[in-house]
$ cat entry.tsv   # TSV, C-alpha atoms
chain	number	residue	atom	x	y	z
J	194	GLN	CA	-14.43	-0.48	7.34
J	195	LYS	CA	-14.65	-1.27	3.65
J	196	GLU	CA	-12.45	-4.18	2.65
J	197	VAL	CA	-11.31	-5.67	-0.62
J	198	GLU	CA	-9.70	-9.07	-0.43
J	199	GLN	CA	-7.42	-10.69	-2.96
J	200	ASN	CA	-5.16	-13.71	-2.85
J	201	SER	CA	-1.63	-12.33	-2.93
J	202	GLY	CA	-0.29	-15.22	-5.01
J	203	PRO	CA	1.91	-15.66	-6.85
J	204	LEU	CA	-0.42	-17.27	-9.34
J	205	SER	CA	1.62	-19.13	-11.93
J	206	VAL	CA	0.11	-20.13	-15.26
J	207	PRO	CA	1.74	-21.45	-18.42
J	208	GLU	CA	1.83	-19.31	-21.52
J	209	GLY	CA	-1.39	-19.63	-23.49
J	210	ALA	CA	-3.49	-20.69	-20.50
J	211	ILE	CA	-6.35	-18.82	-18.84
J	212	ALA	CA	-5.46	-16.87	-15.71
J	213	SER	CA	-8.28	-16.40	-13.20
J	214	LEU	CA	-7.98	-13.64	-10.61
J	215	ASN	CA	-10.53	-13.23	-7.85
J	216	CYS	CA	-11.63	-10.48	-5.51
J	217	THR	CA	-14.26	-10.16	-2.79
J	218	TYR	CA	-15.50	-6.95	-1.22
J	219	SER	CA	-17.36	-6.09	1.94
J	220	ASP	CA	-19.42	-2.99	1.06
J	221	ARG	CA	-22.79	-4.08	-0.38
J	222	GLY	CA	-23.42	-0.51	-1.53
J	223	SER	CA	-20.51	-0.57	-3.99
J	224	GLN	CA	-21.52	0.12	-7.56
J	225	SER	CA	-18.31	0.37	-9.57
J	226	PHE	CA	-15.50	-2.13	-9.86
J	227	PHE	CA	-12.13	-1.91	-11.54
J	228	TRP	CA	-9.12	-4.00	-12.35
J	229	TYR	CA	-5.70	-2.39	-12.57
J	230	ARG	CA	-2.43	-3.90	-13.71
J	231	GLN	CA	0.78	-2.78	-12.05
J	232	TYR	CA	4.19	-3.75	-13.30
J	233	SER	CA	7.04	-3.71	-10.80
J	234	GLY	CA	8.25	-0.16	-10.21
J	235	LYS	CA	5.44	1.37	-12.27
J	236	SER	CA	2.11	2.95	-11.49
J	237	PRO	CA	-1.24	1.14	-11.90
J	238	GLU	CA	-2.91	1.01	-15.29
J	239	LEU	CA	-6.66	0.64	-15.67
J	240	ILE	CA	-7.52	-2.43	-17.73
J	241	MET	CA	-11.19	-3.12	-16.98
J	242	SER	CA	-14.19	-1.49	-15.37
J	243	ILE	CA	-17.50	-3.20	-14.65
J	244	TYR	CA	-20.71	-1.82	-13.21
J	245	SER	CA	-23.41	-4.45	-13.81
J	246	ASN	CA	-23.78	-8.09	-12.86
J	247	GLY	CA	-22.48	-10.48	-15.48
J	248	ASP	CA	-19.54	-10.56	-17.81
J	249	LYS	CA	-17.76	-7.79	-19.67
J	250	GLU	CA	-15.23	-8.69	-22.33
J	251	ASP	CA	-12.44	-6.57	-23.79
J	252	GLY	CA	-9.98	-8.40	-25.98
J	253	ARG	CA	-8.31	-11.13	-23.95
J	254	PHE	CA	-9.76	-9.79	-20.71
J	255	THR	CA	-13.14	-10.68	-19.19
J	256	ALA	CA	-14.39	-9.13	-15.97
J	257	GLN	CA	-17.14	-10.91	-14.08
J	258	LEU	CA	-19.30	-9.35	-11.38
J	259	ASN	CA	-21.69	-10.98	-8.92
J	260	LYS	CA	-23.06	-8.38	-6.54
J	261	ALA	CA	-25.13	-10.89	-4.58
J	262	SER	CA	-21.97	-12.82	-3.72
J	263	GLN	CA	-19.88	-9.61	-3.51
J	264	TYR	CA	-17.42	-11.13	-5.90
J	265	VAL	CA	-15.58	-9.82	-8.92
J	266	SER	CA	-13.10	-11.68	-11.07
J	267	LEU	CA	-10.80	-11.13	-14.01
J	268	LEU	CA	-10.06	-13.75	-16.63
J	269	ILE	CA	-7.07	-13.39	-18.94
J	270	ARG	CA	-7.20	-15.67	-21.96
J	271	ASP	CA	-4.14	-16.77	-23.90
J	272	SER	CA	-1.87	-15.50	-21.15
J	273	GLN	CA	1.42	-14.02	-22.30
J	274	PRO	CA	4.67	-13.44	-20.39
J	275	SER	CA	3.96	-9.72	-20.76
J	276	ASP	CA	0.87	-10.23	-18.58
J	277	SER	CA	3.14	-11.01	-15.63
J	278	ALA	CA	2.34	-8.23	-13.16
J	279	THR	CA	0.37	-7.50	-10.02
J	280	TYR	CA	-3.35	-7.13	-10.59
J	281	LEU	CA	-5.22	-4.80	-8.27
J	282	CYS	CA	-8.95	-5.03	-7.67
J	283	ALA	CA	-10.54	-1.69	-6.80
J	284	VAL	CA	-14.03	-0.99	-5.55
J	285	GLU	CA	-15.85	2.32	-5.40
J	286	GLY	CA	-17.90	2.77	-2.28
J	287	GLY	CA	-21.57	3.60	-2.43
J	288	GLY	CA	-22.05	7.36	-2.42
J	289	GLY	CA	-18.37	8.18	-2.57
J	290	ASN	CA	-15.73	8.58	-5.21
J	291	LYS	CA	-12.75	7.00	-3.46
J	292	LEU	CA	-11.55	3.58	-4.48
J	293	THR	CA	-10.65	0.89	-2.01
J	294	PHE	CA	-7.86	-1.27	-3.38
J	295	GLY	CA	-7.04	-4.86	-2.64
J	296	THR	CA	-3.45	-5.75	-1.92
J	297	GLY	CA	-3.12	-7.28	-5.37
J	298	THR	CA	-2.47	-10.70	-6.87
J	299	GLN	CA	0.90	-11.33	-8.45
J	300	LEU	CA	0.55	-13.19	-11.74
J	301	LYS	CA	3.45	-15.03	-13.34
J	302	VAL	CA	3.07	-16.36	-16.86
J	303	GLU	CA	5.70	-18.95	-17.54
J	304	LEU	CA	7.14	-19.96	-20.90
Q	97	GLY	CA	-7.15	9.10	-24.10
Q	98	ALA	CA	-7.17	9.57	-20.30
Q	99	VAL	CA	-3.52	10.47	-19.93
Q	100	VAL	CA	-2.13	11.76	-16.66
Q	101	SER	CA	1.35	13.15	-16.39
Q	102	GLN	CA	3.46	13.63	-13.30
Q	103	HIS	CA	6.59	15.66	-12.84
Q	104	PRO	CA	9.28	15.04	-11.83
Q	105	SER	CA	9.53	11.28	-12.34
Q	106	TRP	CA	12.24	11.07	-9.71
Q	107	VAL	CA	13.82	13.49	-7.29
Q	108	ILE	CA	16.56	13.38	-4.69
Q	109	CYS	CA	16.54	16.02	-2.01
Q	110	LYS	CA	18.29	16.73	1.25
Q	111	SER	CA	16.63	16.29	4.61
Q	112	GLY	CA	14.78	19.43	5.68
Q	113	THR	CA	14.06	20.71	2.20
Q	114	SER	CA	10.71	20.80	0.38
Q	115	VAL	CA	9.74	19.08	-2.84
Q	116	LYS	CA	6.84	19.87	-5.14
Q	117	ILE	CA	5.26	17.24	-7.38
Q	118	GLU	CA	2.90	18.18	-10.21
Q	119	CYS	CA	0.07	16.07	-11.56
Q	120	ARG	CA	-1.73	16.99	-14.77
Q	121	SER	CA	-4.61	15.43	-16.64
Q	122	LEU	CA	-3.67	16.01	-20.27
Q	123	ASP	CA	-6.79	15.18	-22.24
Q	124	PHE	CA	-9.67	15.42	-19.79
Q	125	GLN	CA	-10.86	17.55	-16.94
Q	126	ALA	CA	-10.56	15.93	-13.54
Q	127	THR	CA	-13.14	16.87	-10.97
Q	128	THR	CA	-11.17	14.98	-8.37
Q	129	MET	CA	-7.53	14.08	-8.02
Q	130	PHE	CA	-6.00	11.69	-5.54
Q	131	TRP	CA	-2.54	11.30	-4.08
Q	132	TYR	CA	-1.18	7.92	-3.09
Q	133	ARG	CA	2.04	6.67	-1.59
Q	134	GLN	CA	3.46	3.22	-2.13
Q	135	PHE	CA	6.35	1.62	-0.28
Q	136	PRO	CA	8.24	-1.29	-1.87
Q	137	LYS	CA	6.18	-4.48	-2.13
Q	138	GLN	CA	3.24	-2.82	-0.39
Q	139	SER	CA	-0.15	-1.77	-1.60
Q	140	LEU	CA	-1.24	1.72	-2.53
Q	141	MET	CA	-1.99	3.98	0.39
Q	142	LEU	CA	-4.36	6.86	-0.23
Q	143	MET	CA	-3.03	10.07	1.26
Q	144	ALA	CA	-5.59	12.64	0.25
Q	145	THR	CA	-8.42	13.56	-2.07
Q	146	SER	CA	-8.59	16.95	-3.70
Q	147	ASN	CA	-11.28	18.75	-5.64
Q	148	GLU	CA	-10.62	21.78	-7.76
Q	149	GLY	CA	-10.89	24.96	-5.73
Q	150	SER	CA	-11.43	23.16	-2.44
Q	151	LYS	CA	-9.23	22.13	0.43
Q	152	ALA	CA	-7.93	18.62	0.24
Q	153	THR	CA	-9.36	15.88	2.42
Q	154	TYR	CA	-6.59	13.92	4.11
Q	155	GLU	CA	-6.75	10.33	5.21
Q	156	GLN	CA	-6.32	9.50	8.86
Q	157	GLY	CA	-2.70	9.63	9.92
Q	158	VAL	CA	-1.54	11.84	7.04
Q	159	GLU	CA	-0.14	15.16	8.23
Q	160	LYS	CA	-1.81	17.93	6.25
Q	161	ASP	CA	0.85	20.48	7.24
Q	162	LYS	CA	3.57	18.22	5.92
Q	163	PHE	CA	1.90	17.17	2.69
Q	164	LEU	CA	0.44	20.31	1.13
Q	165	ILE	CA	-1.97	19.75	-1.69
Q	166	ASN	CA	-3.20	22.39	-4.09
Q	167	HIS	CA	-5.77	21.70	-6.80
Q	168	ALA	CA	-5.56	24.91	-8.78
Q	169	SER	CA	-7.52	23.87	-11.84
Q	170	LEU	CA	-9.44	20.98	-13.34
Q	171	THR	CA	-6.22	19.69	-14.88
Q	172	LEU	CA	-3.55	20.41	-12.27
Q	173	SER	CA	-2.88	19.32	-8.72
Q	174	THR	CA	0.34	19.65	-6.77
Q	175	LEU	CA	1.73	17.86	-3.75
Q	176	THR	CA	4.43	19.57	-1.73
Q	177	VAL	CA	6.36	17.50	0.77
Q	178	THR	CA	7.60	20.01	3.31
Q	179	SER	CA	10.64	19.55	5.54
Q	180	ALA	CA	11.27	16.16	4.02
Q	181	HIS	CA	12.92	13.42	6.04
Q	182	PRO	CA	14.38	10.07	4.95
Q	183	GLU	CA	11.21	8.28	6.08
Q	184	ASP	CA	9.30	10.29	3.47
Q	185	SER	CA	11.25	8.48	0.75
Q	186	SER	CA	8.64	6.63	-1.27
Q	187	PHE	CA	6.86	6.31	-4.60
Q	188	TYR	CA	4.21	9.03	-4.85
Q	189	ILE	CA	1.47	8.50	-7.40
Q	190	CYS	CA	-1.38	10.79	-8.37
Q	191	SER	CA	-4.58	9.82	-10.08
Q	192	ALA	CA	-7.28	11.81	-11.80
Q	193	GLN	CA	-10.99	11.06	-11.99
Q	194	PRO	CA	-13.24	12.45	-14.73
Q	195	GLY	CA	-16.15	12.49	-12.36
Q	196	PRO	CA	-19.67	11.11	-12.06
Q	197	PRO	CA	-21.02	8.89	-13.41
Q	198	LEU	CA	-17.53	7.57	-14.16
Q	199	TYR	CA	-15.49	6.76	-11.09
Q	200	GLU	CA	-12.46	5.18	-12.67
Q	201	GLN	CA	-9.15	6.73	-11.74
Q	202	TYR	CA	-6.33	7.21	-14.20
Q	203	PHE	CA	-2.90	7.15	-12.67
Q	204	GLY	CA	0.15	9.23	-13.41
Q	205	PRO	CA	3.49	7.47	-13.86
Q	206	GLY	CA	4.56	8.27	-10.31
Q	207	THR	CA	7.39	10.19	-8.67
Q	208	ARG	CA	10.13	8.40	-6.83
Q	209	LEU	CA	11.32	10.57	-3.94
Q	210	THR	CA	14.57	9.89	-2.15
Q	211	VAL	CA	15.45	12.03	0.86
Q	212	THR	CA	19.09	11.90	1.92
$ encode --input "entry.tsv" --output "structure tokens"
Amino acid sequence: QKEVEQNSGPLSVPEGAIASLNCTYSDRGSQSFFWYRQYSGKSPELIMSIYSNGDKEDGRFTAQLNKASQYVSLLIRDSQPSDSATYLCAVEGGGGNKLTFGTGTQLKVEL
Amino acid sequence: GAVVSQHPSWVICKSGTSVKIECRSLDFQATTMFWYRQFPKQSLMLMATSNEGSKATYEQGVEKDKFLINHASLTLSTLTVTSAHPEDSSFYICSAQPGPPLYEQYFGPGTRLTVT
């Protein structure tokens, strides 16, 4: 069974700091990886996708992928209170189009 | 871009009645659409996967006769909860996928169903 593991948190960081969110996955055949942000009571919103080993930056967000270690992370620079949400890691399985979601990490950015 | 709408955003119905939820991709064609359910403080649970013109594929434990899915076009999928019961009360969310080689899913805003 394909698994995606995330620390549930909450992860608390002060405003302006870097938040680091981590995710591991079990399926070595996975090729596509995504980070979603979900505010309480709302649906998930795609914030980053990454397909190749290394780093991918988009504004204050950086996704990092290490397929050998089956590890993907999300860095949020200059964290803002509006970044407080649950961050879901999602992994596409090799040969399929379904996503397997982690249970999410709750991030709290404190003033 | 990549906007998915869902209607209604919330609905209250009586036990035993049916409710239809619509999911539309507004600015792209979706080869595949997905239906999820989420209970409070729990993770997303995939219910079914649907491709345009094909029968939906349901996840284990999801009753296909209770949750009817129709994917009539590349921009529209519907979920009908038949003979709803209070335990069906949940947050139902659809997502749409543009298709290979892109596998990202774009989510609709969700429908909050309350069965009384």
$ residues_around --input "entry.tsv" --residues "Ser272 of chain J" --least-positions-apart "5" --cutoff "8 Å" --atoms "all atoms listed in the file" --output "ChimeraX atom specification"
/J:206-212,302
$ closest_residue --input "entry.tsv" --among "Q:Ser111, Q:Thr145, Q:Thr174, Q:Ser101" --to "chain J" --atoms "all atoms listed in the file"
Q:Thr145
$ closest_residue --input "entry.tsv" --among "Q:Lys110, Q:Lys151, Q:Arg208, Q:His181" --to "chain J" --atoms "only C-alpha atoms"
Q:Arg208
$ atom_distance --input "entry.tsv" --atom1 "atom CA of Gln193 of chain Q" --atom2 "atom CA of Arg230 of chain J"
17.3 Å
$ atom_distance --input "entry.tsv" --atom1 "atom CA of Met129 of chain Q" --atom2 "atom CA of Val211 of chain Q"
24.7 Å
$ closest_residue --input "entry.tsv" --among "Q:Gln201, Q:Ser186, Q:Thr178, Q:Ser114" --to "Lys160 of chain Q" --atoms "all atoms listed in the file"
Q:Thr178
$ build_atoms --input "entry.tsv" --residues "segment 110-121 of chain Q" --atoms "all heavy atoms" --output "PDB file, in the coordinates of the input"
ATOM      1  N   LYS Q 110      17.651  16.841  -0.066  1.00  0.00           N
ATOM      2  CA  LYS Q 110      18.290  16.730   1.250  1.00  0.00           C
ATOM      3  C   LYS Q 110      17.247  16.865   2.352  1.00  0.00           C
ATOM      4  O   LYS Q 110      16.218  17.548   2.192  1.00  0.00           O
ATOM      5  CB  LYS Q 110      19.374  17.791   1.403  1.00  0.00           C
ATOM      6  CG  LYS Q 110      20.574  17.561   0.490  1.00  0.00           C
ATOM      7  CD  LYS Q 110      21.700  18.513   0.795  1.00  0.00           C
ATOM      8  CE  LYS Q 110      22.914  18.201  -0.070  1.00  0.00           C
ATOM      9  NZ  LYS Q 110      24.053  19.108   0.218  1.00  0.00           N
ATOM     10  N   SER Q 111      17.520  16.238   3.460  1.00  0.00           N
ATOM     11  CA  SER Q 111      16.630  16.290   4.610  1.00  0.00           C
ATOM     12  C   SER Q 111      16.386  17.740   5.021  1.00  0.00           C
ATOM     13  O   SER Q 111      17.322  18.545   5.071  1.00  0.00           O
ATOM     14  CB  SER Q 111      17.252  15.506   5.762  1.00  0.00           C
ATOM     15  OG  SER Q 111      16.361  15.400   6.838  1.00  0.00           O
ATOM     16  N   GLY Q 112      15.130  18.082   5.270  1.00  0.00           N
ATOM     17  CA  GLY Q 112      14.780  19.430   5.680  1.00  0.00           C
ATOM     18  C   GLY Q 112      14.303  20.328   4.555  1.00  0.00           C
ATOM     19  O   GLY Q 112      13.728  21.392   4.805  1.00  0.00           O
ATOM     20  N   THR Q 113      14.508  19.904   3.328  1.00  0.00           N
ATOM     21  CA  THR Q 113      14.060  20.710   2.200  1.00  0.00           C
ATOM     22  C   THR Q 113      12.651  20.292   1.780  1.00  0.00           C
ATOM     23  O   THR Q 113      12.107  19.302   2.272  1.00  0.00           O
ATOM     24  CB  THR Q 113      15.011  20.593   1.006  1.00  0.00           C
ATOM     25  OG1 THR Q 113      15.039  19.222   0.567  1.00  0.00           O
ATOM     26  CG2 THR Q 113      16.422  21.030   1.391  1.00  0.00           C
ATOM     27  N   SER Q 114      12.064  21.080   0.871  1.00  0.00           N
ATOM     28  CA  SER Q 114      10.710  20.800   0.380  1.00  0.00           C
ATOM     29  C   SER Q 114      10.763  20.391  -1.085  1.00  0.00           C
ATOM     30  O   SER Q 114      11.622  20.844  -1.838  1.00  0.00           O
ATOM     31  CB  SER Q 114       9.816  22.024   0.551  1.00  0.00           C
ATOM     32  OG  SER Q 114       9.658  22.335   1.913  1.00  0.00           O
ATOM     33  N   VAL Q 115       9.824  19.571  -1.468  1.00  0.00           N
ATOM     34  CA  VAL Q 115       9.740  19.080  -2.840  1.00  0.00           C
ATOM     35  C   VAL Q 115       8.318  19.222  -3.337  1.00  0.00           C
ATOM     36  O   VAL Q 115       7.375  18.849  -2.633  1.00  0.00           O
ATOM     37  CB  VAL Q 115      10.168  17.598  -2.913  1.00  0.00           C
ATOM     38  CG1 VAL Q 115       9.942  17.038  -4.306  1.00  0.00           C
ATOM     39  CG2 VAL Q 115      11.619  17.430  -2.504  1.00  0.00           C
ATOM     40  N   LYS Q 116       8.169  19.732  -4.557  1.00  0.00           N
ATOM     41  CA  LYS Q 116       6.840  19.870  -5.140  1.00  0.00           C
ATOM     42  C   LYS Q 116       6.700  18.898  -6.303  1.00  0.00           C
ATOM     43  O   LYS Q 116       7.567  18.810  -7.171  1.00  0.00           O
ATOM     44  CB  LYS Q 116       6.598  21.287  -5.650  1.00  0.00           C
ATOM     45  CG  LYS Q 116       5.208  21.476  -6.309  1.00  0.00           C
ATOM     46  CD  LYS Q 116       5.029  22.850  -6.917  1.00  0.00           C
ATOM     47  CE  LYS Q 116       4.716  23.872  -5.876  1.00  0.00           C
ATOM     48  NZ  LYS Q 116       4.328  25.179  -6.480  1.00  0.00           N
ATOM     49  N   ILE Q 117       5.567  18.199  -6.318  1.00  0.00           N
ATOM     50  CA  ILE Q 117       5.260  17.240  -7.380  1.00  0.00           C
ATOM     51  C   ILE Q 117       4.004  17.715  -8.090  1.00  0.00           C
ATOM     52  O   ILE Q 117       3.009  18.037  -7.446  1.00  0.00           O
ATOM     53  CB  ILE Q 117       5.045  15.827  -6.816  1.00  0.00           C
ATOM     54  CG1 ILE Q 117       6.289  15.359  -6.035  1.00  0.00           C
ATOM     55  CG2 ILE Q 117       4.725  14.847  -7.940  1.00  0.00           C
ATOM     56  CD1 ILE Q 117       6.059  14.090  -5.231  1.00  0.00           C
ATOM     57  N   GLU Q 118       4.047  17.739  -9.421  1.00  0.00           N
ATOM     58  CA  GLU Q 118       2.900  18.180 -10.210  1.00  0.00           C
ATOM     59  C   GLU Q 118       2.198  17.001 -10.859  1.00  0.00           C
ATOM     60  O   GLU Q 118       2.833  16.055 -11.324  1.00  0.00           O
ATOM     61  CB  GLU Q 118       3.340  19.139 -11.320  1.00  0.00           C
ATOM     62  CG  GLU Q 118       3.703  20.514 -10.866  1.00  0.00           C
ATOM     63  CD  GLU Q 118       3.871  21.461 -12.050  1.00  0.00           C
ATOM     64  OE1 GLU Q 118       3.821  20.995 -13.220  1.00  0.00           O
ATOM     65  OE2 GLU Q 118       4.053  22.667 -11.815  1.00  0.00           O
ATOM     66  N   CYS Q 119       0.890  17.088 -10.913  1.00  0.00           N
ATOM     67  CA  CYS Q 119       0.070  16.070 -11.560  1.00  0.00           C
ATOM     68  C   CYS Q 119      -0.889  16.778 -12.507  1.00  0.00           C
ATOM     69  O   CYS Q 119      -1.617  17.683 -12.088  1.00  0.00           O
ATOM     70  CB  CYS Q 119      -0.704  15.304 -10.490  1.00  0.00           C
ATOM     71  SG  CYS Q 119      -1.849  14.061 -11.126  1.00  0.00           S
ATOM     72  N   ARG Q 120      -0.871  16.364 -13.771  1.00  0.00           N
ATOM     73  CA  ARG Q 120      -1.730  16.990 -14.770  1.00  0.00           C
ATOM     74  C   ARG Q 120      -2.535  15.956 -15.541  1.00  0.00           C
ATOM     75  O   ARG Q 120      -1.991  14.936 -15.967  1.00  0.00           O
ATOM     76  CB  ARG Q 120      -0.900  17.784 -15.786  1.00  0.00           C
ATOM     77  CG  ARG Q 120      -0.182  18.993 -15.226  1.00  0.00           C
ATOM     78  CD  ARG Q 120       0.582  19.730 -16.303  1.00  0.00           C
ATOM     79  NE  ARG Q 120       1.350  20.839 -15.743  1.00  0.00           N
ATOM     80  CZ  ARG Q 120       0.858  22.061 -15.598  1.00  0.00           C
ATOM     81  NH1 ARG Q 120      -0.377  22.350 -15.982  1.00  0.00           N
ATOM     82  NH2 ARG Q 120       1.607  23.030 -15.085  1.00  0.00           N
ATOM     83  N   SER Q 121      -3.821  16.234 -15.721  1.00  0.00           N
ATOM     84  CA  SER Q 121      -4.610  15.430 -16.640  1.00  0.00           C
ATOM     85  C   SER Q 121      -4.515  16.115 -17.998  1.00  0.00           C
ATOM     86  O   SER Q 121      -4.832  17.295 -18.125  1.00  0.00           O
ATOM     87  CB  SER Q 121      -6.066  15.332 -16.174  1.00  0.00           C
ATOM     88  OG  SER Q 121      -6.638  16.607 -15.988  1.00  0.00           O
TER      89      SER Q 121
END
